[in-house]
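S.K.: Contents of final06.cif (mmCIF, C-alpha atoms) are below:
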```cif
data_my_file
#
loop_
_atom_site.group_PDB
_atom_site.id
_atom_site.type_symbol
_atom_site.label_atom_id
_atom_site.label_comp_id
_atom_site.auth_asym_id
_atom_site.auth_seq_id
_atom_site.Cartn_x
_atom_site.Cartn_y
_atom_site.Cartn_z
ATOM 1 C CA LEU S 1 -99.004 28.234 150.506
ATOM 2 C CA MET S 2 -99.628 24.822 149.001
ATOM 3 C CA GLY S 3 -100.477 23.805 145.441
ATOM 4 C CA LEU S 4 -99.726 21.472 142.549
ATOM 5 C CA ASN S 5 -97.264 22.038 139.725
ATOM 6 C CA SER S 6 -97.903 21.078 136.093
ATOM 7 C CA ASN S 7 -96.670 17.518 136.826
ATOM 8 C CA GLY S 8 -99.248 17.074 139.610
ATOM 9 C CA GLU S 9 -96.545 17.232 142.289
ATOM 10 C CA LEU S 10 -97.377 18.834 145.613
ATOM 11 C CA MET S 11 -95.573 22.135 146.300
ATOM 12 C CA VAL S 12 -95.323 23.952 149.635
ATOM 13 C CA PHE S 13 -94.027 27.508 150.044
ATOM 14 C CA SER S 14 -93.303 29.873 152.932
ATOM 15 C CA ARG S 15 -91.220 33.000 153.479
ATOM 16 C CA ASN S 16 -88.454 34.224 155.741
ATOM 17 C CA GLY S 17 -87.538 37.258 153.638
ATOM 18 C CA SER S 18 -86.851 34.861 150.759
ATOM 19 C CA LEU S 19 -88.850 31.957 149.372
ATOM 20 C CA ILE S 20 -88.713 28.614 151.209
ATOM 21 C CA SER S 21 -90.095 25.642 149.260
ATOM 22 C CA LEU S 22 -90.672 21.891 149.391
ATOM 23 C CA LEU S 23 -91.564 19.555 146.545
ATOM 24 C CA GLY S 24 -93.670 16.515 147.395
ATOM 25 C CA PRO S 25 -94.896 13.525 145.418
ATOM 26 C CA ALA S 26 -97.307 13.575 142.491
ATOM 27 C CA LEU S 27 -100.868 13.074 143.704
ATOM 28 C CA SER S 28 -103.243 10.575 142.130
ATOM 29 C CA VAL S 29 -106.558 11.709 140.698
ATOM 30 C CA TYR S 30 -109.800 10.230 142.059
ATOM 31 C CA GLN S 31 -108.025 9.063 145.206
ATOM 32 C CA TRP S 32 -108.329 10.518 148.708
ATOM 33 C CA THR S 33 -104.973 11.897 149.911
ATOM 34 C CA HIS S 34 -104.306 13.292 153.392
ATOM 35 C CA VAL S 35 -101.803 16.162 153.278
ATOM 36 C CA ALA S 36 -100.396 17.849 156.383
ATOM 37 C CA ILE S 37 -97.779 20.538 156.882
ATOM 38 C CA SER S 38 -96.161 21.432 160.176
ATOM 39 C CA TYR S 39 -93.999 24.446 160.982
ATOM 40 C CA ASP S 40 -91.790 25.174 163.935
ATOM 41 C CA ARG S 41 -89.120 27.846 163.849
ATOM 42 C CA ASN S 42 -86.634 25.338 165.292
ATOM 43 C CA ASP S 43 -87.518 22.527 162.860
ATOM 44 C CA GLY S 44 -88.716 24.392 159.736
ATOM 45 C CA LEU S 45 -91.479 23.051 157.478
ATOM 46 C CA LYS S 46 -92.332 19.362 157.339
ATOM 47 C CA LEU S 47 -94.581 17.804 154.699
ATOM 48 C CA PHE S 48 -96.575 14.615 155.311
ATOM 49 C CA VAL S 49 -98.625 12.725 152.705
ATOM 50 C CA ASN S 50 -100.874 9.971 154.033
ATOM 51 C CA GLY S 51 -98.882 10.066 157.282
ATOM 52 C CA THR S 52 -95.523 9.529 155.580
ATOM 53 C CA PRO S 53 -92.855 12.281 155.768
ATOM 54 C CA HIS S 54 -92.083 13.739 152.338
ATOM 55 C CA GLY S 55 -89.455 16.350 152.997
ATOM 56 C CA SER S 56 -88.494 19.140 155.322
ATOM 57 C CA THR S 57 -86.642 22.434 155.276
ATOM 58 C CA PRO S 58 -83.904 23.718 157.547
ATOM 59 C CA ASN S 59 -85.109 25.779 160.498
ATOM 60 C CA PHE S 60 -86.145 29.365 159.711
ATOM 61 C CA LEU S 61 -88.089 32.209 161.265
ATOM 62 C CA TYR S 62 -91.309 32.939 159.389
ATOM 63 C CA THR S 63 -91.655 36.639 158.626
ATOM 64 C CA ALA S 64 -95.102 37.892 157.703
ATOM 65 C CA PRO S 65 -95.271 40.907 155.378
ATOM 66 C CA GLY S 66 -97.418 42.861 157.877
ATOM 67 C CA THR S 67 -100.481 42.819 155.652
ATOM 68 C CA THR S 68 -103.618 40.720 155.572
ATOM 69 C CA ASN S 69 -103.365 37.588 153.457
ATOM 70 C CA SER S 70 -106.117 35.430 151.988
ATOM 71 C CA LEU S 71 -106.409 31.664 152.021
ATOM 72 C CA PHE S 72 -107.859 30.190 148.833
ATOM 73 C CA ILE S 73 -109.029 26.581 148.894
ATOM 74 C CA GLY S 74 -109.586 25.184 145.427
ATOM 75 C CA GLY S 75 -108.259 28.261 143.628
ATOM 76 C CA SER S 76 -105.764 31.110 143.849
ATOM 77 C CA ALA S 77 -105.735 34.873 144.103
ATOM 78 C CA ALA S 78 -104.401 35.076 140.541
ATOM 79 C CA LEU S 79 -107.200 32.854 139.243
ATOM 80 C CA ALA S 80 -110.023 33.855 141.614
ATOM 81 C CA SER S 81 -112.556 33.640 138.781
ATOM 82 C CA CYS S 82 -111.264 30.191 137.665
ATOM 83 C CA PRO S 83 -111.316 27.790 140.613
ATOM 84 C CA THR S 84 -109.469 24.502 140.462
ATOM 85 C CA SER S 85 -111.514 21.567 139.197
ATOM 86 C CA GLY S 86 -111.909 18.959 141.889
ATOM 87 C CA TYR S 87 -113.292 18.352 145.348
ATOM 88 C CA VAL S 88 -112.239 19.470 148.789
ATOM 89 C CA ASN S 89 -113.378 17.268 151.644
#
```
Written as C-alpha cells, that's how I'd like the structure from this file.
M.R.:
Amino acid sequence: LMGLNSNGELMVFSRNGSLISLLGPALSVYQWTHVAISYDRNDGLKLFVNGTPHGSTPNFLYTAPGTTNSLFIGGSAALASCPTSGYVN
C-alpha cells in the first residue's frame, strides 16, 4: 500500500503479521515524480523516488491475509466515492 500523509510525504506499508512501514520524502505538486517500490523476502521493502533510494526495511516474509484485496489508484477503499484530486500517468 502506498499513499501520502497530511504533510505530503510518501508512505509505504506492507504486512508480515504486523504492519511494516516506510516514510519517504514530501512530493512536490505539479511536478512529475517517479516512485518505485521493490520487495524481496531477503532484502525487505525498498523505496526509490526519481531513481534515488529513500529507505528500506529489514527483511521480512510477506503474509497475505488469504482474501482478495483491491488496488485503488487515485483513491482508497475507505474513500471510494471521493477519489484523490490529481493525475495518474
S.K.: I would like the residues chosen by the PyMOL selection byres ((chain S and resi 28) around 12) on the shown file; could you give them as a list in words?
M.R.: Leu4, Asn7, Gly8, Glu9, Leu10, Pro25, Ala26, Leu27, Val29, Tyr30, Gln31, Trp32, Thr33, His34 and Val49 of chain S
S.K.: Evaluate the PyMOL selection byres ((chain S and resi 37-47) around 10) here and jot the selected residues down as a PyMOL selection string.
M.R.: chain S and resi 2+10-14+20-24+35-36+48-49+51-62
S.K.: So for segment 21-40 of chain S, what box centre and size do we get, axis-aligned, 6 Å extra on each of the six sides, every listed atom, Å to one decimal, as lines of an AutoDock Vina configuration file?
M.R.:
```
center_x = -99.9
center_y = 17.4
center_z = 152.3
size_x = 31.7
size_y = 28.6
size_z = 35.2
```
S.K.: Could segment 24-55 of chain S be written out with N, CA and C atoms, as a tab-separated table (two decimals), in the first residue's frame, please?
M.R.:
```tsv
chain	number	residue	atom	x	y	z
S	24	GLY	N	8.79	8.23	3.11
S	24	GLY	CA	9.64	8.84	2.10
S	24	GLY	C	9.56	10.35	2.16
S	25	PRO	N	10.10	11.00	1.14
S	25	PRO	CA	10.12	12.47	1.11
S	25	PRO	C	8.76	13.05	0.78
S	26	ALA	N	8.60	14.34	1.06
S	26	ALA	CA	7.40	15.06	0.61
S	26	ALA	C	7.49	15.21	-0.91
S	27	LEU	N	6.37	15.04	-1.59
S	27	LEU	CA	6.35	15.17	-3.04
S	27	LEU	C	5.86	16.54	-3.43
S	28	SER	N	6.42	17.08	-4.49
S	28	SER	CA	6.04	18.40	-5.00
S	28	SER	C	4.79	18.30	-5.85
S	29	VAL	N	3.94	19.31	-5.76
S	29	VAL	CA	2.76	19.36	-6.62
S	29	VAL	C	3.16	19.88	-7.99
S	30	TYR	N	2.41	19.49	-9.01
S	30	TYR	CA	2.63	19.93	-10.39
S	30	TYR	C	4.01	19.57	-10.92
S	31	GLN	N	4.56	18.46	-10.40
S	31	GLN	CA	5.87	18.01	-10.86
S	31	GLN	C	5.84	16.50	-10.98
S	32	TRP	N	6.27	15.97	-12.13
S	32	TRP	CA	6.31	14.54	-12.36
S	32	TRP	C	7.31	13.92	-11.38
S	33	THR	N	6.90	12.84	-10.70
S	33	THR	CA	7.77	12.12	-9.78
S	33	THR	C	7.65	10.64	-10.07
S	34	HIS	N	8.77	9.96	-10.28
S	34	HIS	CA	8.77	8.52	-10.49
S	34	HIS	C	8.99	7.84	-9.15
S	35	VAL	N	8.04	6.98	-8.76
S	35	VAL	CA	8.11	6.27	-7.49
S	35	VAL	C	8.14	4.78	-7.78
S	36	ALA	N	9.06	4.07	-7.17
S	36	ALA	CA	9.15	2.62	-7.33
S	36	ALA	C	9.37	1.98	-5.96
S	37	ILE	N	8.79	0.79	-5.81
S	37	ILE	CA	8.96	0.01	-4.59
S	37	ILE	C	9.40	-1.38	-5.01
S	38	SER	N	10.39	-1.92	-4.35
S	38	SER	CA	10.76	-3.31	-4.60
S	38	SER	C	10.61	-4.09	-3.30
S	39	TYR	N	10.33	-5.39	-3.45
S	39	TYR	CA	10.23	-6.26	-2.27
S	39	TYR	C	10.93	-7.58	-2.58
S	40	ASP	N	11.70	-8.02	-1.65
S	40	ASP	CA	12.31	-9.34	-1.69
S	40	ASP	C	12.35	-9.83	-0.25
S	41	ARG	N	11.97	-11.06	-0.02
S	41	ARG	CA	11.89	-11.51	1.37
S	41	ARG	C	13.25	-11.52	2.06
S	42	ASN	N	14.34	-11.51	1.29
S	42	ASN	CA	15.67	-11.44	1.88
S	42	ASN	C	16.15	-10.00	2.11
S	43	ASP	N	15.58	-9.05	1.36
S	43	ASP	CA	16.01	-7.66	1.46
S	43	ASP	C	14.93	-6.71	1.96
S	44	GLY	N	13.71	-7.17	2.14
S	44	GLY	CA	12.61	-6.32	2.61
S	44	GLY	C	12.12	-5.37	1.53
S	45	LEU	N	11.46	-4.29	1.95
S	45	LEU	CA	10.97	-3.25	1.04
S	45	LEU	C	12.06	-2.22	0.79
S	46	LYS	N	12.11	-1.72	-0.43
S	46	LYS	CA	13.00	-0.61	-0.77
S	46	LYS	C	12.18	0.42	-1.53
S	47	LEU	N	12.34	1.68	-1.17
S	47	LEU	CA	11.62	2.78	-1.80
S	47	LEU	C	12.59	3.62	-2.60
S	48	PHE	N	12.20	3.92	-3.86
S	48	PHE	CA	13.01	4.77	-4.74
S	48	PHE	C	12.15	5.91	-5.24
S	49	VAL	N	12.68	7.12	-5.20
S	49	VAL	CA	11.99	8.31	-5.73
S	49	VAL	C	12.92	8.95	-6.74
S	50	ASN	N	12.45	9.02	-7.98
S	50	ASN	CA	13.27	9.53	-9.09
S	50	ASN	C	14.62	8.83	-9.16
S	51	GLY	N	14.61	7.51	-8.92
S	51	GLY	CA	15.81	6.68	-9.03
S	51	GLY	C	16.72	6.70	-7.82
S	52	THR	N	16.42	7.53	-6.84
S	52	THR	CA	17.25	7.65	-5.64
S	52	THR	C	16.64	6.83	-4.51
S	53	PRO	N	17.43	5.98	-3.83
S	53	PRO	CA	16.90	5.22	-2.69
S	53	PRO	C	16.44	6.17	-1.57
S	54	HIS	N	15.27	5.86	-1.01
S	54	HIS	CA	14.73	6.67	0.08
S	54	HIS	C	14.24	5.80	1.22
S	55	GLY	N	15.01	4.81	1.56
S	55	GLY	CA	14.67	4.00	2.73
S	55	GLY	C	14.43	2.54	2.39
```
